[in-house]
file final06.pdb (PDB, C-alpha atoms)
ATOM      1  CA  MET D   1      14.321  -3.948  -8.454
ATOM      2  CA  LEU D   2      12.489  -2.561  -5.449
ATOM      3  CA  VAL D   3      10.006   0.221  -6.275
ATOM      4  CA  LEU D   4       7.656   2.428  -4.318
ATOM      5  CA  ASN D   5       4.170   1.247  -5.264
ATOM      6  CA  LEU D   6       1.580   3.580  -3.759
ATOM      7  CA  ARG D   7      -1.167   3.385  -6.386
ATOM      8  CA  PRO D   8      -2.833   0.241  -4.938
ATOM      9  CA  ILE D   9      -2.954   1.805  -1.463
ATOM     10  CA  PHE D  10      -4.318   5.100  -2.767
ATOM     11  CA  THR D  11      -6.991   3.173  -4.685
ATOM     12  CA  ALA D  12      -7.913   1.053  -1.662
ATOM     13  CA  ARG D  13      -8.180   4.175   0.497
ATOM     14  CA  GLY D  14     -10.275   6.046  -2.082
ATOM     15  CA  ILE D  15      -7.587   8.693  -2.603
ATOM     16  CA  ASP D  16      -8.140  10.038  -6.101
ATOM     17  CA  ARG D  17      -5.796  13.033  -5.747
ATOM     18  CA  PRO D  18      -2.551  11.591  -4.322
ATOM     19  CA  TYR D  19      -0.540  14.805  -4.680
ATOM     20  CA  THR D  20      -3.100  16.787  -2.678
ATOM     21  CA  PHE D  21      -3.300  14.001  -0.105
ATOM     22  CA  LEU D  22       0.486  13.951   0.381
ATOM     23  CA  VAL D  23       0.741  17.734   0.740
ATOM     24  CA  LYS D  24      -2.099  17.758   3.303
ATOM     25  CA  ALA D  25      -0.359  14.853   5.085
ATOM     26  CA  GLY D  26       2.713  17.030   5.661
ATOM     27  CA  PHE D  27       4.936  16.461   2.645
ATOM     28  CA  THR D  28       6.385  19.458   0.854
ATOM     29  CA  ALA D  29       5.166  20.019  -2.696
ATOM     30  CA  HIS D  30       8.571  18.961  -4.018
ATOM     31  CA  SER D  31       8.704  15.794  -1.892
ATOM     32  CA  ALA D  32       5.152  14.828  -2.877
ATOM     33  CA  ASN D  33       6.068  15.227  -6.534
ATOM     34  CA  VAL D  34       9.224  13.120  -6.157
ATOM     35  CA  ILE D  35       7.377  10.375  -4.241
ATOM     36  CA  LEU D  36       4.705  10.128  -6.925
ATOM     37  CA  ASN D  37       7.210   9.944  -9.774
ATOM     38  CA  LYS D  38       9.158   6.743  -9.046
ATOM     39  CA  PRO D  39      11.885   7.913  -6.674
ATOM     40  CA  LYS D  40      15.245   6.170  -6.744
ATOM     41  CA  GLU D  41      15.524   6.676  -2.979
ATOM     42  CA  ILE D  42      13.219   7.653  -0.129
ATOM     43  CA  LYS D  43      13.916   8.925   3.359
ATOM     44  CA  ILE D  44      12.995   6.666   6.254
ATOM     45  CA  HIS D  45      11.052   9.565   7.756
ATOM     46  CA  TYR D  46       8.879   9.637   4.603
ATOM     47  CA  ILE D  47       8.260   5.893   4.838
ATOM     48  CA  GLU D  48       7.108   6.336   8.423
ATOM     49  CA  LEU D  49       4.866   9.291   7.533
ATOM     50  CA  LEU D  50       3.335   7.376   4.613
ATOM     51  CA  CYS D  51       2.636   4.408   6.888
ATOM     52  CA  LEU D  52       1.042   6.635   9.528
ATOM     53  CA  LYS D  53      -1.164   8.493   7.050
ATOM     54  CA  LEU D  54      -2.097   5.435   4.949
ATOM     55  CA  ASN D  55      -2.457   3.069   7.923
ATOM     56  CA  CYS D  56      -0.112   0.461   6.474
ATOM     57  CA  GLU D  57       3.237  -1.269   7.004
ATOM     58  CA  PRO D  58       6.479  -0.365   5.228
ATOM     59  CA  SER D  59       6.332  -3.601   3.234
ATOM     60  CA  ASP D  60       2.926  -2.512   1.874
ATOM     61  CA  LEU D  61       4.581   0.455   0.164
ATOM     62  CA  PHE D  62       6.992  -1.532  -1.963
ATOM     63  CA  LEU D  63       6.878  -3.858  -4.924
ATOM     64  CA  TRP D  64       9.790  -6.058  -5.917
ATOM     65  CA  ILE D  65      10.284  -6.744  -9.603
ATOM     66  CA  PRO D  66      12.635  -9.694 -10.184
ATOM     67  CA  ASP D  67      15.699  -9.111 -12.324
ATOM     68  CA  LYS D  68      15.898 -11.738 -15.062
ATOM     69  CA  ASN D  69      19.679 -11.380 -15.142
ATOM     70  CA  ASN D  70      20.105 -11.895 -11.400
ATOM     71  CA  PRO D  71      17.851 -14.744 -10.255
ATOM     72  CA  ILE D  72      17.299 -15.440  -6.564
ATOM     73  CA  SER D  73      15.959 -18.508  -4.800
ATOM     74  CA  GLU D  74      12.234 -19.181  -4.647
ATOM     75  CA  ASN D  75      12.223 -18.847  -0.847
ATOM     76  CA  HIS D  76      14.079 -15.517  -0.692
ATOM     77  CA  PRO D  77      12.254 -12.991   1.540
ATOM     78  CA  LEU D  78      12.089 -10.413  -1.273
ATOM     79  CA  ARG D  79       9.654 -12.674  -3.084
ATOM     80  CA  THR D  80       6.976 -11.693  -0.559
ATOM     81  CA  LEU D  81       7.045  -8.230  -2.151
ATOM     82  CA  ALA D  82       6.754  -9.520  -5.720
ATOM     83  CA  GLY D  83       3.485  -8.723  -7.418
ATOM     84  CA  ASN D  84       1.607  -7.186  -4.506
ATOM     85  CA  ALA D  85      -2.043  -7.721  -5.349
ATOM     86  CA  GLU D  86      -4.097  -4.630  -5.894
ATOM     87  CA  ILE D  87      -7.314  -4.329  -3.952
ATOM     88  CA  HIS D  88     -10.167  -3.775  -6.330
ATOM     89  CA  SER D  89     -13.115  -2.107  -4.641
ATOM     90  CA  ASP D  90     -15.234  -3.122  -7.653
ATOM     91  CA  ALA D  91     -14.875  -6.713  -6.482
ATOM     92  CA  LEU D  92     -16.769  -5.785  -3.328
ATOM     93  CA  LEU D  93     -19.624  -4.378  -5.394
ATOM     94  CA  ASN D  94     -20.245  -7.808  -6.914
ATOM     95  CA  LEU D  95     -20.273  -9.778  -3.665
ATOM     96  CA  PRO D  96     -23.621 -10.930  -2.310
ATOM     97  CA  TYR D  97     -24.841  -8.801   0.579
ATOM     98  CA  LYS D  98     -24.569 -11.750   2.969
ATOM     99  CA  GLN D  99     -20.821 -12.055   2.225
ATOM    100  CA  LEU D 100     -20.348  -8.314   2.710
ATOM    101  CA  LYS D 101     -21.985  -8.557   6.128
ATOM    102  CA  GLU D 102     -19.706 -11.477   7.048
ATOM    103  CA  ILE D 103     -16.608  -9.551   5.949
ATOM    104  CA  ASN D 104     -17.732  -6.490   7.890
ATOM    105  CA  LEU D 105     -18.326  -8.584  11.012
ATOM    106  CA  LYS D 106     -14.872 -10.169  10.715
ATOM    107  CA  ILE D 107     -13.220  -6.768  10.306
ATOM    108  CA  SER D 108     -15.115  -5.338  13.284
ATOM    109  CA  THR D 109     -14.142  -8.311  15.439
ATOM    110  CA  GLU D 110     -10.460  -8.053  14.467
ATOM    111  CA  GLN D 111     -10.435  -4.299  15.153
ATOM    112  CA  LYS D 112     -11.913  -4.851  18.626
ATOM    113  CA  GLU D 113      -9.304  -7.522  19.371
ATOM    114  CA  THR D 114      -6.514  -5.207  18.227
ATOM    115  CA  VAL D 115      -7.695  -2.390  20.521
ATOM    116  CA  GLN D 116      -7.833  -4.637  23.608
TER     117      GLN D 116
END
call {"tool": "encode", "arguments": {"input": "final06.pdb", "output": "structure tokens"}}
result
Amino acid sequence: MLVLNLRPIFTARGIDRPYTFLVKAGFTAHSANVILNKPKEIKIHYIELLCLKLNCEPSDLFLWIPDKNNPISENHPLRTLAGNAEIHSDALLNLPYKQLKEINLKISTEQKETVQ
């Protein structure tokens, strides 16, 4: 089953009030409520708007939960969406400062390369 999985992205972005964020991002109050409460379907326009506002890819928004009654092969592309790892900002708090500086340098370098 494919599900919209926004919590990890909201957490990584420091968004503690997702409903407010979505409304300010341009979603109607009703649409924001539906998006946050496990929608059975989502408009492509909403996927694009979420990606623009959260700076992510469409595949980042979804989590695939395998169906035990309908197994698929181990190399099926859907498996890349299984168990998306959450980013825990607490993990960064426990890294030595030297590692944080190295990570920051790598990110800065990659951002510069992307802009060029």
call {"tool": "resolve_selection", "arguments": {"input": "final06.pdb", "expression": "the PyMOL selection byres ((chain D and resi 18-29) around 9)", "output": "MDAnalysis selection string"}}
result
chainID D and resid 7 10 15:17 30:34 36 46 49:50 53
call {"tool": "closest_residue", "arguments": {"input": "final06.pdb", "among": "D:Glu110, D:Asp60, D:Asp67, D:Glu102", "to": "Asn5 (chain D)", "atoms": "only C-alpha atoms"}}
result
D:Asp60
call {"tool": "atom_distance", "arguments": {"input": "final06.pdb", "atom1": "CA of Ile65 (chain D)", "atom2": "CA of Glu41 (chain D)"}}
result
15.9 Å
call {"tool": "atom_distance", "arguments": {"input": "final06.pdb", "atom1": "CA of Asn37 (chain D)", "atom2": "CA of Ile9 (chain D)"}}
result
15.4 Å
call {"tool": "atom_distance", "arguments": {"input": "final06.pdb", "atom1": "CA of Pro58 (chain D)", "atom2": "CA of Ala82 (chain D)"}}
result
14.3 Å
call {"tool": "residues_around", "arguments": {"input": "final06.pdb", "residues": "Ile47 (chain D)", "least_positions_apart": "4", "cutoff": "10 Å", "atoms": "only C-alpha atoms", "output": "ChimeraX atom specification"}}
result
/D:4,42-43,51-52,57-59,61
call {"tool": "closest_residue", "arguments": {"input": "final06.pdb", "among": "D:Thr80, D:Val3, D:Pro66, D:Ala12", "to": "Pro39 (chain D)", "atoms": "only C-alpha atoms"}}
result
D:Val3
call {"tool": "closest_residue", "arguments": {"input": "final06.pdb", "among": "D:Leu6, D:Leu54, D:Leu100, D:Ile107", "to": "Ile35 (chain D)", "atoms": "only C-alpha atoms"}}
result
D:Leu6
